[in-house]
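Dumped model-v4.txt below, it's compact mmCIF, C-alpha atoms:
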# COMPACT_ATOMS: atom_id res chain seq x y z
CA MET U 161 -0.36 7.26 3.04
CA GLY U 162 -2.92 5.17 1.18
CA PHE U 163 -2.96 1.41 1.61
CA TRP U 164 -2.40 0.54 -2.06
CA LEU U 165 0.24 3.24 -2.49
CA LYS U 166 2.18 1.75 0.44
CA LYS U 167 1.84 -1.72 -1.02
CA THR U 168 3.02 -0.59 -4.45
CA ILE U 169 6.04 1.29 -3.12
CA GLY U 170 6.82 -1.60 -0.77
CA PHE U 171 6.67 -4.13 -3.61
CA TRP U 172 9.17 -2.23 -5.76
CA MET U 173 11.48 -1.69 -2.79
CA MET U 174 11.85 -5.42 -2.13
CA PRO U 175 15.29 -6.82 -3.13
CA LEU U 176 13.99 -9.19 -5.81
CA SER U 177 11.72 -6.57 -7.39
CA THR U 178 14.42 -3.90 -7.29
CA SER U 179 16.98 -6.28 -8.80
CA ILE U 180 14.66 -7.31 -11.64
CA LEU U 181 13.89 -3.66 -12.37
CA LEU U 182 17.59 -2.71 -12.40
CA ILE U 183 18.45 -5.66 -14.65
CA ALA U 184 15.64 -4.74 -17.06
CA VAL U 185 16.82 -1.13 -17.26
CA GLY U 186 20.44 -2.23 -17.65
CA LEU U 187 19.63 -4.66 -20.47
CA MET U 188 17.62 -2.02 -22.30
CA LEU U 189 20.57 0.34 -22.08
CA LEU U 190 22.94 -2.37 -23.32
CA TRP U 191 20.74 -3.49 -26.20
CA PHE U 192 19.15 -0.28 -27.46
CA THR U 193 21.41 2.65 -26.52
CA ARG U 194 25.00 3.83 -26.58
CA PHE U 195 25.17 3.88 -22.76
CA GLN U 196 26.96 0.55 -22.45
CA LYS U 197 28.88 1.45 -19.30
CA THR U 198 25.74 2.69 -17.54
CA GLY U 199 23.91 -0.50 -18.54
CA ARG U 200 26.66 -2.65 -17.06
CA VAL U 201 26.51 -0.60 -13.85
CA PHE U 202 22.78 -1.22 -13.54
CA VAL U 203 23.12 -4.97 -14.10
CA GLY U 204 26.08 -5.20 -11.74
CA ALA U 205 24.27 -3.24 -9.02
CA ALA U 206 21.25 -5.54 -9.35
CA LEU U 207 23.32 -8.69 -9.01
CA PHE U 208 25.27 -7.26 -6.07
CA TRP U 209 22.05 -6.25 -4.25
CA LEU U 210 20.44 -9.64 -4.86
CA VAL U 211 23.47 -11.55 -3.59
CA PHE U 212 23.94 -9.18 -0.64
CA CYS U 213 20.33 -9.67 0.53
CA SER U 214 20.58 -13.44 0.06
CA LEU U 215 23.49 -13.80 2.48
CA SER U 216 22.75 -15.25 5.90
CA VAL U 217 24.84 -12.67 7.73
CA THR U 218 23.05 -9.79 5.96
CA SER U 219 19.49 -11.01 6.48
CA ASN U 220 20.07 -11.88 10.13
CA ALA U 221 21.76 -8.56 10.82
CA MET U 222 18.73 -6.72 9.45
CA LEU U 223 16.10 -8.89 11.13
CA ARG U 224 17.51 -9.49 14.62
CA PRO U 225 17.31 -5.87 15.89
CA LEU U 226 13.60 -5.77 15.08
CA GLU U 227 12.91 -9.14 16.70
CA ARG U 228 14.78 -8.37 19.91
CA MET U 229 13.04 -5.09 20.75
CA TYR U 230 10.45 -6.81 22.94
CA PRO U 231 10.80 -9.85 25.22
CA GLU U 232 8.51 -12.85 25.11
CA TYR U 233 5.20 -12.84 26.97
CA ALA U 234 5.89 -13.43 30.67
CA GLY U 235 2.48 -14.58 31.89
CA GLN U 236 0.86 -11.25 32.70
CA PRO U 237 -2.94 -11.48 33.24
CA VAL U 238 -4.96 -10.15 30.30
CA ASP U 239 -8.60 -9.77 29.33
CA TYR U 240 -8.03 -10.08 25.58
CA VAL U 241 -5.49 -11.78 23.34
CA VAL U 242 -5.15 -10.13 19.92
CA VAL U 243 -3.67 -12.27 17.14
CA LEU U 244 -2.84 -10.14 14.10
CA GLY U 245 -3.55 -11.43 10.61
CA THR U 246 -1.04 -12.36 7.95
CA THR U 247 -1.09 -13.98 4.51
CA MET U 248 -2.64 -17.44 4.34
CA ASN U 249 -3.74 -19.97 1.72
CA ILE U 250 -7.50 -19.71 1.14
CA ASP U 251 -7.72 -22.74 -1.19
CA PRO U 252 -10.77 -24.73 0.08
CA ASP U 253 -9.37 -27.97 -1.36
CA ILE U 254 -6.51 -28.22 1.12
CA PRO U 255 -6.83 -29.24 4.80
CA LEU U 256 -7.86 -26.44 7.16
CA ARG U 257 -4.65 -26.37 9.18
CA SER U 258 -2.54 -26.31 6.01
CA ARG U 259 -4.11 -23.00 5.05
CA LEU U 260 -2.06 -21.29 7.75
CA SER U 261 1.31 -19.94 6.66
CA PRO U 262 4.24 -20.67 9.02
CA SER U 263 3.90 -17.18 10.49
CA ALA U 264 0.13 -17.50 10.91
CA SER U 265 0.50 -20.91 12.54
CA ALA U 266 3.05 -19.56 15.04
CA ARG U 267 0.87 -16.52 15.81
CA LEU U 268 -2.26 -18.56 16.45
CA ALA U 269 -0.41 -21.14 18.55
CA GLU U 270 1.00 -18.39 20.78
CA GLY U 271 -2.36 -16.67 21.00
CA LEU U 272 -4.10 -19.87 22.07
CA ARG U 273 -1.37 -20.58 24.62
CA ILE U 274 -1.80 -17.16 26.22
CA ALA U 275 -5.59 -17.40 26.13
CA ARG U 276 -5.46 -20.76 27.92
CA LEU U 277 -3.20 -19.25 30.57
CA ASN U 278 -5.97 -16.66 31.12
CA PRO U 279 -9.20 -18.70 31.24
CA GLY U 280 -11.42 -15.62 31.27
CA ALA U 281 -9.72 -13.98 28.31
CA ARG U 282 -11.30 -13.62 24.88
CA LEU U 283 -9.38 -14.19 21.66
CA ILE U 284 -9.50 -11.50 18.96
CA VAL U 285 -8.31 -12.69 15.54
CA THR U 286 -7.83 -10.29 12.65
CA GLY U 287 -7.24 -10.32 8.92
CA GLU U 288 -9.32 -9.31 5.93
CA GLY U 289 -7.66 -11.26 3.16
CA GLY U 290 -9.47 -9.62 0.25
CA PHE U 291 -11.47 -12.72 -0.65
CA PRO U 292 -15.28 -12.87 -0.55
CA SER U 293 -15.45 -16.55 0.39
CA ILE U 294 -13.40 -16.53 3.59
CA THR U 295 -11.17 -14.11 5.48
CA TYR U 296 -7.91 -14.72 7.30
CA ALA U 297 -9.67 -14.01 10.60
CA GLN U 298 -12.24 -16.70 9.84
CA ILE U 299 -9.51 -19.22 9.05
CA TYR U 300 -7.89 -18.40 12.39
CA LYS U 301 -11.23 -18.96 14.12
CA GLU U 302 -11.92 -22.28 12.42
CA VAL U 303 -8.45 -23.62 13.27
CA ALA U 304 -8.77 -22.43 16.89
CA ILE U 305 -12.13 -24.20 17.25
CA ALA U 306 -10.64 -27.34 15.69
CA ASP U 307 -7.95 -27.13 18.40
CA GLY U 308 -10.64 -27.20 21.07
CA PHE U 309 -10.91 -23.49 21.86
CA ASP U 310 -14.39 -22.20 22.70
CA GLY U 311 -15.78 -20.48 19.60
CA ASP U 312 -17.98 -18.22 21.75
CA LYS U 313 -14.81 -16.63 23.15
CA ILE U 314 -13.43 -15.72 19.71
CA ILE U 315 -14.02 -12.32 18.10
CA THR U 316 -13.19 -11.87 14.42
CA VAL U 317 -12.01 -8.55 13.01
CA ASP U 318 -12.18 -9.28 9.30
CA HIS U 319 -12.50 -5.89 7.61
CA ALA U 320 -9.03 -4.55 8.44
CA LEU U 321 -6.66 -4.17 5.50
CA ASP U 322 -3.50 -3.49 7.50
CA THR U 323 -2.15 -3.19 11.04
CA GLU U 324 -3.35 0.39 11.39
CA ASP U 325 -6.91 -0.71 10.58
CA GLU U 326 -6.57 -3.64 12.99
CA ALA U 327 -5.48 -1.33 15.80
CA ARG U 328 -8.41 1.00 15.11
CA ASP U 329 -10.95 -1.84 15.08
CA VAL U 330 -9.56 -3.41 18.25
CA ARG U 331 -9.73 -0.05 20.00
CA ALA U 332 -13.43 0.21 19.09
CA LEU U 333 -14.05 -3.24 20.56
CA LEU U 334 -12.22 -2.47 23.78
CA ASN U 335 -13.94 0.91 24.12
CA SER U 336 -17.24 -0.98 24.07
CA HIS U 337 -15.91 -3.31 26.78
CA GLN U 338 -14.86 -0.36 28.92
CA GLN U 339 -18.24 1.32 28.57
CA GLN U 340 -19.99 -1.85 29.70
CA THR U 341 -17.73 -2.72 32.63
CA GLY U 342 -16.30 0.68 33.59
CA GLN U 343 -12.82 -0.85 33.58
CA SER U 344 -9.97 -0.50 31.12
CA PRO U 345 -9.24 -3.95 29.62
CA THR U 346 -5.77 -5.40 29.31
CA LEU U 347 -4.58 -7.11 26.16
CA ALA U 348 -1.73 -9.21 24.86
CA LEU U 349 -0.66 -8.49 21.29
CA VAL U 350 0.56 -11.47 19.28
CA THR U 351 2.38 -11.08 15.99
CA GLU U 352 5.60 -12.00 14.24
CA ALA U 353 8.60 -10.78 16.24
CA SER U 354 9.89 -8.59 13.41
CA HIS U 355 6.47 -6.95 13.07
CA MET U 356 6.04 -6.29 16.79
CA PRO U 357 7.78 -2.86 17.01
CA ARG U 358 5.55 -1.36 14.33
CA ALA U 359 2.44 -3.10 15.66
CA VAL U 360 3.00 -1.78 19.19
CA SER U 361 3.50 1.76 17.86
CA LEU U 362 0.25 1.60 15.90
CA PHE U 363 -1.73 0.21 18.84
CA ARG U 364 -0.30 2.85 21.16
CA SER U 365 -1.26 5.54 18.65
CA GLN U 366 -4.86 4.39 19.23
CA GLY U 367 -4.53 4.90 22.98
CA LEU U 368 -4.00 1.20 23.76
CA ASP U 369 -1.23 -0.26 25.90
CA PRO U 370 -0.68 -3.81 24.65
CA ILE U 371 1.54 -6.39 26.30
CA PRO U 372 3.83 -7.59 23.48
CA ALA U 373 3.85 -11.33 22.82
CA PRO U 374 6.26 -11.78 19.88
CA THR U 375 6.55 -15.12 18.10
CA PHE U 376 8.06 -16.67 14.94
CA PHE U 377 11.62 -15.49 15.49
CA ARG U 378 13.72 -15.97 12.35
CA GLY U 379 16.85 -13.87 12.84
CA VAL U 380 19.78 -15.83 14.29
CA LEU U 381 23.33 -14.99 15.25
CA SER U 382 25.53 -15.10 12.17
CA THR U 383 29.03 -14.00 11.12
CA TRP U 384 30.81 -13.59 7.80
CA ARG U 385 32.73 -16.77 8.58
CA TYR U 386 29.50 -18.72 8.14
CA ALA U 387 27.90 -16.59 5.43
CA TYR U 388 25.97 -18.51 2.77
CA LEU U 389 23.46 -17.81 0.01
CA ASP U 390 19.90 -19.04 0.45
CA VAL U 391 16.38 -18.19 -0.71
CA ASP U 392 15.24 -18.15 2.92
CA ASN U 393 17.81 -15.42 3.61
CA LEU U 394 16.36 -13.35 0.77
CA GLN U 395 12.90 -13.74 2.31
CA LYS U 396 14.23 -12.65 5.70
CA SER U 397 15.88 -9.59 4.15
CA GLU U 398 12.62 -8.72 2.42
CA ARG U 399 10.77 -9.09 5.72
CA ALA U 400 13.19 -6.75 7.47
CA ILE U 401 13.10 -4.16 4.67
CA TYR U 402 9.29 -4.34 4.63
CA GLU U 403 9.16 -3.54 8.35
CA TYR U 404 11.69 -0.72 8.13
CA LEU U 405 9.70 0.78 5.25
CA GLY U 406 6.52 0.45 7.28
CA ARG U 407 8.08 2.44 10.09
CA VAL U 408 9.20 5.11 7.61
CA PHE U 409 5.67 5.36 6.17
CA TYR U 410 4.24 5.66 9.69
CA TYR U 411 6.74 8.41 10.57
CA ILE U 412 5.86 10.34 7.41
CA LYS U 413 2.14 10.03 8.12
CA VAL U 414 2.44 11.15 11.75
CA ASN U 415 4.49 14.20 10.81
CA ALA U 416 2.12 15.09 7.97
CA GLU U 417 -0.82 14.96 10.39
CA LYS U 418 1.04 17.20 12.85
CA GLN U 419 1.61 19.80 10.13
CA ASP U 420 -2.09 19.75 9.23
Final structure tokens representation of the file:
Amino acid sequence: MGFWLKKTIGFWMMPLSTSILLIAVGLMLLWFTRFQKTGRVFVGAALFWLVFCSLSVTSNAMLRPLERMYPEYAGQPVDYVVVLGTTMNIDPDIPLRSRLSPSASARLAEGLRIARLNPGARLIVTGEGGFPSITYAQIYKEVAIADGFDGDKIITVDHALDTEDEARDVRALLNSHQQQTGQSPTLALVTEASHMPRAVSLFRSQGLDPIPAPTFFRGVLSTWRYAYLDVDNLQKSERAIYEYLGRVFYYIKVNAEKQD
């Protein structure tokens, strides 16, 4: 499925987008048609969905299963540490470190930690970003160098639009390594914990066997007794839905390729 098609479908499947769309349709029905009852149903469904996804117990219940599929990195020796890209702030007028989003900051910190535990390892940072001035991978590299990491040991993959592209580009790099050394390299894969299941599947589809190194855990234990509404909960629900949709898109693509 095409990159922009996935992004468009994903955008309209997010709770806030879906709720706004349902409210808009409901108001049009209420204001301009005879279908008053149907309009009220649309508006009510939108409000219910928005509140439901903004509850702590809901967002945590959706996010935790994704985040707990793989344990933390346990110190296995690796030749490469791959830090996957994510959205950042590319504004040149703000300090370099502030350009990292919370997720990006957690990913890079974990990647640097693992790389320092493996002195011979090289750091691969990814992320295209869609901006001509600087890419997410380049921001990663600049922050890593500012933290004292050797810039000569950093490889940027800055033409990948999504995780599938990142996996393909990393495979090409490691194939080159294998041809030169005659040995199959080992790699640690660093990304947000909720993204790790899909990332591992995509890397394995490229013939790679990454060691998962999840970070930026956001799902916590929660019960209805302590349920509360919060914007952060809505963001966590959106993150979980985004990942579940990504897995559905991947399943559809794999089965379509098998039929071809």
Go through U:Lys413, U:Lys167, U:Lys313, U:Lys396 one by one, measure the shortest atom-to-atom distance of each to U:Asn278 using only C-alpha atoms, and give the residue with the smallest value.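 The shortest atom-to-atom distance to U:Asn278 comes from U:Lys313.
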At a cut-off of 12 Å from (9.8, -4.8, -1.0) in the coordinates of the file, what residues are picked up using all atoms listed in the file, written as number ranges by chain? U: 166-180, 213, 394-406
Next, the residues of the selection above should be written as a CSV table (one decimal), keeping the file's coordinate frame with C-alpha atoms.
chain,number,residue,atom,x,y,z
U,166,LYS,CA,2.2,1.8,0.4
U,167,LYS,CA,1.8,-1.7,-1.0
U,168,THR,CA,3.0,-0.6,-4.4
U,169,ILE,CA,6.0,1.3,-3.1
U,170,GLY,CA,6.8,-1.6,-0.8
U,171,PHE,CA,6.7,-4.1,-3.6
U,172,TRP,CA,9.2,-2.2,-5.8
U,173,MET,CA,11.5,-1.7,-2.8
U,174,MET,CA,11.8,-5.4,-2.1
U,175,PRO,CA,15.3,-6.8,-3.1
U,176,LEU,CA,14.0,-9.2,-5.8
U,177,SER,CA,11.7,-6.6,-7.4
U,178,THR,CA,14.4,-3.9,-7.3
U,179,SER,CA,17.0,-6.3,-8.8
U,180,ILE,CA,14.7,-7.3,-11.6
U,213,CYS,CA,20.3,-9.7,0.5
U,394,LEU,CA,16.4,-13.4,0.8
U,395,GLN,CA,12.9,-13.7,2.3
U,396,LYS,CA,14.2,-12.6,5.7
U,397,SER,CA,15.9,-9.6,4.2
U,398,GLU,CA,12.6,-8.7,2.4
U,399,ARG,CA,10.8,-9.1,5.7
U,400,ALA,CA,13.2,-6.8,7.5
U,401,ILE,CA,13.1,-4.2,4.7
U,402,TYR,CA,9.3,-4.3,4.6
U,403,GLU,CA,9.2,-3.5,8.4
U,404,TYR,CA,11.7,-0.7,8.1
U,405,LEU,CA,9.7,0.8,5.2
U,406,GLY,CA,6.5,0.4,7.3
Can you pull out every residue within 7 Å of stretch 341-358 of chain U, counting only C-alpha atoms, but drop anything in the same chain fewer than 2 positions away, and send it as a PDB file with C-alpha atoms, in the frame of the given file?
ATOM      1  CA  LEU U 223      16.100  -8.890  11.130  1.00  0.00           C
ATOM      2  CA  LEU U 226      13.600  -5.770  15.080  1.00  0.00           C
ATOM      3  CA  GLU U 227      12.910  -9.140  16.700  1.00  0.00           C
ATOM      4  CA  MET U 229      13.040  -5.090  20.750  1.00  0.00           C
ATOM      5  CA  VAL U 238      -4.960 -10.150  30.300  1.00  0.00           C
ATOM      6  CA  ASP U 239      -8.600  -9.770  29.330  1.00  0.00           C
ATOM      7  CA  TYR U 240      -8.030 -10.080  25.580  1.00  0.00           C
ATOM      8  CA  VAL U 241      -5.490 -11.780  23.340  1.00  0.00           C
ATOM      9  CA  VAL U 242      -5.150 -10.130  19.920  1.00  0.00           C
ATOM     10  CA  VAL U 243      -3.670 -12.270  17.140  1.00  0.00           C
ATOM     11  CA  LEU U 244      -2.840 -10.140  14.100  1.00  0.00           C
ATOM     12  CA  SER U 263       3.900 -17.180  10.490  1.00  0.00           C
ATOM     13  CA  ARG U 267       0.870 -16.520  15.810  1.00  0.00           C
ATOM     14  CA  GLY U 271      -2.360 -16.670  21.000  1.00  0.00           C
ATOM     15  CA  LEU U 334     -12.220  -2.470  23.780  1.00  0.00           C
ATOM     16  CA  HIS U 337     -15.910  -3.310  26.780  1.00  0.00           C
ATOM     17  CA  GLN U 338     -14.860  -0.360  28.920  1.00  0.00           C
ATOM     18  CA  GLN U 339     -18.240   1.320  28.570  1.00  0.00           C
ATOM     19  CA  VAL U 360       3.000  -1.780  19.190  1.00  0.00           C
ATOM     20  CA  SER U 361       3.500   1.760  17.860  1.00  0.00           C
ATOM     21  CA  LEU U 362       0.250   1.600  15.900  1.00  0.00           C
ATOM     22  CA  PRO U 370      -0.680  -3.810  24.650  1.00  0.00           C
ATOM     23  CA  ILE U 371       1.540  -6.390  26.300  1.00  0.00           C
ATOM     24  CA  PRO U 372       3.830  -7.590  23.480  1.00  0.00           C
ATOM     25  CA  ALA U 373       3.850 -11.330  22.820  1.00  0.00           C
ATOM     26  CA  PRO U 374       6.260 -11.780  19.880  1.00  0.00           C
ATOM     27  CA  THR U 375       6.550 -15.120  18.100  1.00  0.00           C
ATOM     28  CA  PHE U 376       8.060 -16.670  14.940  1.00  0.00           C
ATOM     29  CA  PHE U 377      11.620 -15.490  15.490  1.00  0.00           C
ATOM     30  CA  GLU U 403       9.160  -3.540   8.350  1.00  0.00           C
ATOM     31  CA  ARG U 407       8.080   2.440  10.090  1.00  0.00           C
TER      32      ARG U 407
END
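Coordinates place atom CA of U:Gly235 at a distance of 23.7 Å from atom CA of U:Pro262.
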So how many Å separate atom CA of U:Leu321 and atom CA of U:Ser219, to one decimal?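 Straight-line distance from atom CA of U:Leu321 to atom CA of U:Ser219 works out to 27.0 Å.
The space between atom CA of U:Lys418 and atom CA of U:Arg328 spans 18.9 Å.
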List as a PDB file with C-alpha atoms, in the frame of the given file the protein and nucleic acid residues near U:Leu256, meaning an atom at most 12 Å away when all atoms listed in the file are counted, but skip any in the same chain fewer than 6 places from it.
ATOM      1  CA  MET U 248      -2.640 -17.440   4.340  1.00  0.00           C
ATOM      2  CA  ASN U 249      -3.740 -19.970   1.720  1.00  0.00           C
ATOM      3  CA  ILE U 250      -7.500 -19.710   1.140  1.00  0.00           C
ATOM      4  CA  SER U 265       0.500 -20.910  12.540  1.00  0.00           C
ATOM      5  CA  ILE U 294     -13.400 -16.530   3.590  1.00  0.00           C
ATOM      6  CA  TYR U 296      -7.910 -14.720   7.300  1.00  0.00           C
ATOM      7  CA  GLN U 298     -12.240 -16.700   9.840  1.00  0.00           C
ATOM      8  CA  ILE U 299      -9.510 -19.220   9.050  1.00  0.00           C
ATOM      9  CA  TYR U 300      -7.890 -18.400  12.390  1.00  0.00           C
ATOM     10  CA  LYS U 301     -11.230 -18.960  14.120  1.00  0.00           C
ATOM     11  CA  GLU U 302     -11.920 -22.280  12.420  1.00  0.00           C
ATOM     12  CA  VAL U 303      -8.450 -23.620  13.270  1.00  0.00           C
ATOM     13  CA  ALA U 304      -8.770 -22.430  16.890  1.00  0.00           C
ATOM     14  CA  ILE U 305     -12.130 -24.200  17.250  1.00  0.00           C
ATOM     15  CA  ALA U 306     -10.640 -27.340  15.690  1.00  0.00           C
ATOM     16  CA  ASP U 307      -7.950 -27.130  18.400  1.00  0.00           C
TER      17      ASP U 307
END
Sorted per-residue table, stretch 185-303 of chain U near stretch 316-319 of chain U, closest atoms and distance, 6 Å, only C-alpha atoms, as JSON lines:
{"residue": "U:Ile284", "atom": "CA", "partner": "U:Thr316", "partner_atom": "CA", "distance": 5.9}
{"residue": "U:Val285", "atom": "CA", "partner": "U:Thr316", "partner_atom": "CA", "distance": 5.1}
{"residue": "U:Thr286", "atom": "CA", "partner": "U:Val317", "partner_atom": "CA", "distance": 4.5}
{"residue": "U:Gly287", "atom": "CA", "partner": "U:Asp318", "partner_atom": "CA", "distance": 5.1}
{"residue": "U:Glu288", "atom": "CA", "partner": "U:Asp318", "partner_atom": "CA", "distance": 4.4}
{"residue": "U:Ala297", "atom": "CA", "partner": "U:Asp318", "partner_atom": "CA", "distance": 5.5}
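Nearest to U:Val414 of all the residues U:Thr247, U:Ser258, U:Ser365, U:Ser216 is U:Ser365, based on all atoms listed in the file.
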Please determine an axis-aligned box that encloses all atoms of stretch 228-237 of chain U listed in the file, with 5 Å added on each side, and express its centre and edge lengths in Å to one decimal as JSON.
{"center_x": 5.9, "center_y": -9.8, "center_z": 26.6, "size_x": 27.7, "size_y": 19.5, "size_z": 23.3}
